[in-house]
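In what follows, a single structure is set out as structure tokens and then discussed.
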Amino acid sequence: MRKLLTVVGIIAILSLLRLTFVSADQQSAAGPEAKTEIAVKNLAPMQESMTKEPAGALRGIENFVRYTGFANLTIGHVVMLLVGLFFIIIAIRYNYEPLLLIPIGTGILIGNIPFVSGFQVGIYEEGSVMNYLYYGVVKGIYPPLIFLGIGAMTDFTSLISNPKLMLLGAAAQIGIFLTFLGALMLGFAPPEAGAIGIIGGADGPTAIFISSRLANGINILPDGTTVRNLIGPIAIAAYSYMALVPVIQPPIMKLLVSRKERLIRMKPPRTVSKTEKMMFPIIGLLLTGFISPNSLPLLGMLFFGNLLKESTRTNRLSETARNSLIDIVTILLGITVGASTQADVFLTPDSLLIFALGAISFMIATAGGLLFAKAMNIFLKDEDRLNPLIGAAGVSAVPDSARVVQHEGLKADPTNHLLMHAMAPNVAGVLGSAVAAGILLSFLL
Amino acid sequence: MQIFLSNLYKMDMISFINWDLILGDGLIITVIGYLIVFIALVLLTLVFNLIPKILKMQISRTPRKKGLPETLNTARKEIPGEVNAAIGTALFMFFNEMHDAEDPVITIKRISKNYTPWSSKIYGVTRGLNRRF
């Protein structure tokens, strides 16, 4: 009985398949009118080829060749593919920010493999998977989630034990504002200039958040023109320079800090009570939130994440925020930001200007932190003096710039460990750049 | 500098730059924005300079309120970082040594396998299939 059923089933399936193919053949023979019923938009090349004479397999091969990446390759794609490969190589070979550069580099490869538009493949094509994922960047959803994770993994102890180091985090934000002026000089509209300036905050999520609000290609300027979409170049510049902190900062440190100053030993940080650690996120949230409400999506999540950690009652939540959640969002953010650098959108003179301004911004921010630390030393007692190197950690780039400070400090004196001290301005820099972002939003939106 | 400026004039860069915007709104946003960032972080600095003092005052009042001797305060005073590090190192070394002192005799425990219908050959799901084919 079972065998009989199997045989009947197979015959039924075969007859169904035959019917399907026959109807498809009839449809193709019915002419161009019938073809338009196929629910594929903008398939001009395909329709063109179908109306031409070569039929059957030859036509299929011709279409296939026309749709391959090789047929649509431009020099722009080649350049961007090389950039993507470069990111992946420096991440793997030199261990430069691999968690960021591998997703971004792969994203650049994905975004720059040439394709024929209309198949819902590209990141800028409505309905494509990448477009849905990119929604989190365009609408500024990912950055606050990243901040939640950062809050849950950041230990503010060094900052609470020596609160005056917060000023170094504020001082380094000079990079943001001077670059804003620089971008205005180069002809960018004020909202675009604000988004470019934030690269100096050395904070990828903040840069994406601000550019998604100010330079998103949607907002209308007072003169009736639309702002340019600069999310891709700004995000890539911010993350690239964050990865290049160990290359950019040391020469500026050597230039501005004398050998004698580099040898300064700082007092060990005092012990911080649990109560203080718990109070920090609450007071920080209230204070910074009231001063700059526009930075609430970022700072609110940062302090929320930190409260999850410090309350010691929500270990499961803080574990998730600092591990799984931030990992997932980093993957999505990296791959979509990378894919958004499609050669035709990304390779413009504006992008080159943004990269140049970003580099200048980083340098100014580093110099601002170093010089302010030197200035503070004038007013501090001898035992409270700061090693000016820690000023460089005022640009956020957590924890890379603090690591660079530690490295440079050890070069001058192998027994002088500055990492704990540098972490204070480092996390203050995150707060400072988020507050600055909120201020720019309130002025320019 | 003069040469640089004259070059800029020649390239028409000076007239290209919108000085009104930069010296007007641009400069205002820069100065006020930077000041606000400073004010926010200075306020946080002040608050967190005050908090340990307030907490200390509370701690020193508690034993007096409860009628306990002042000497109890000493136990609640902060421990310097070096002492914490020394305690941490001592604990680390102690637990490391404990690991070294573990029993070197390795034994194999024989586990008796009791009958269970889950591992039964009589009730296996492939029994019927095997018989048919």
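Identifiers for the structure tokens are assigned positionally: chains receive A, B, ... in sequence, residues are indexed from 1 per chain, and ligands are indexed from 1 in the order shown.
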* To do: Specify as a ChimeraX atom specification all residues of chain B found within 12 Å of chain A, counting only C-alpha atoms.
  => /B:13-56,59,76-85
* **DSSP alpha helix (DSSP H) residues within segment 85-119 of chain B, as a PyMOL selection string** => chain B and resi 85-100
* To do: Determine, counting only C-alpha atoms, which protein, DNA and RNA residues have an atom within 10 Å of an atom of Leu307 of chain A; residues of the same chain fewer than 5 positions away are not included. Present the result as a list in words.
  =>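 Listing them by chain and then by number gives Gly151, Ala152, Lys277, Met278, Met279, Phe280, Pro281, Ile282, Met301, Leu302, Thr312, Arg313, Thr314 and Ser318 of chain A.
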Please produce an output containing N, CA, C and O atoms for each residue in the selection, written as a short mmCIF file (atom, residue, chain, number, x, y, z; two decimals), in the first residue's frame.
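In the end it all went to result30.cif:
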data_model
loop_
_atom_site.label_atom_id
_atom_site.label_comp_id
_atom_site.auth_asym_id
_atom_site.auth_seq_id
_atom_site.Cartn_x
_atom_site.Cartn_y
_atom_site.Cartn_z
N GLY A 151 28.60 51.52 28.66
CA GLY A 151 28.29 51.86 30.06
C GLY A 151 28.42 50.65 30.96
O GLY A 151 28.97 50.72 32.06
N ALA A 152 27.94 49.50 30.46
CA ALA A 152 27.95 48.29 31.28
C ALA A 152 29.35 47.70 31.43
O ALA A 152 29.58 46.87 32.31
N LYS A 277 30.14 54.71 43.49
CA LYS A 277 30.05 54.13 42.15
C LYS A 277 28.59 54.07 41.69
O LYS A 277 28.31 54.25 40.51
N MET A 278 27.69 53.79 42.63
CA MET A 278 26.27 53.73 42.26
C MET A 278 25.70 55.12 42.03
O MET A 278 24.82 55.30 41.18
N MET A 279 26.22 56.09 42.79
CA MET A 279 25.69 57.44 42.65
C MET A 279 26.14 58.10 41.34
O MET A 279 25.45 58.95 40.79
N PHE A 280 27.32 57.69 40.85
CA PHE A 280 27.88 58.35 39.66
C PHE A 280 26.94 58.32 38.45
O PHE A 280 26.64 59.37 37.88
N PRO A 281 26.42 57.13 38.06
CA PRO A 281 25.55 57.16 36.87
C PRO A 281 24.27 57.95 37.09
O PRO A 281 23.78 58.59 36.15
N ILE A 282 23.75 57.92 38.31
CA ILE A 282 22.48 58.63 38.54
C ILE A 282 22.71 60.14 38.49
O ILE A 282 22.01 60.87 37.76
N MET A 301 21.68 56.09 27.82
CA MET A 301 22.00 54.66 27.69
C MET A 301 23.35 54.35 28.36
O MET A 301 23.51 53.29 28.96
N LEU A 302 24.31 55.27 28.23
CA LEU A 302 25.62 55.04 28.85
C LEU A 302 25.49 54.89 30.36
O LEU A 302 25.99 53.93 30.96
N THR A 312 24.84 46.05 41.08
CA THR A 312 25.14 44.67 41.49
C THR A 312 23.87 43.81 41.65
O THR A 312 23.96 42.68 42.11
N ARG A 313 22.73 44.34 41.30
CA ARG A 313 21.48 43.58 41.41
C ARG A 313 21.02 43.06 40.05
O ARG A 313 20.06 42.30 39.98
N THR A 314 21.64 43.56 38.99
CA THR A 314 21.15 43.21 37.65
C THR A 314 22.28 42.60 36.82
O THR A 314 22.53 43.01 35.69
N SER A 318 23.43 43.33 32.88
CA SER A 318 24.70 43.98 32.53
C SER A 318 25.59 43.03 31.75
O SER A 318 26.32 43.45 30.85
#
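Separating atom CA of Met130 of chain A from atom CA of Ala343 of chain A is a distance of 16.0 Å.
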* To do: Find the distance between atom CA of Ala215 of chain A and atom CA of Gln249 of chain A and write it in Å to one decimal.
  =>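 Value for the atom CA of Ala215 of chain A-atom CA of Gln249 of chain A distance: 27.9 Å.
Of note, atom CA of Leu101 of chain A and atom CA of Phe355 of chain A are spaced 16.5 Å apart.
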* Within 12 Å of Met253 of chain A, counting only C-alpha atoms, which residues qualify if same-chain residues fewer than 4 places away don't, as a PyMOL selection string? -> chain A and resi 245-249+257-259+261-262+363-371+373-374+387-393+401+404-405+407-409+412
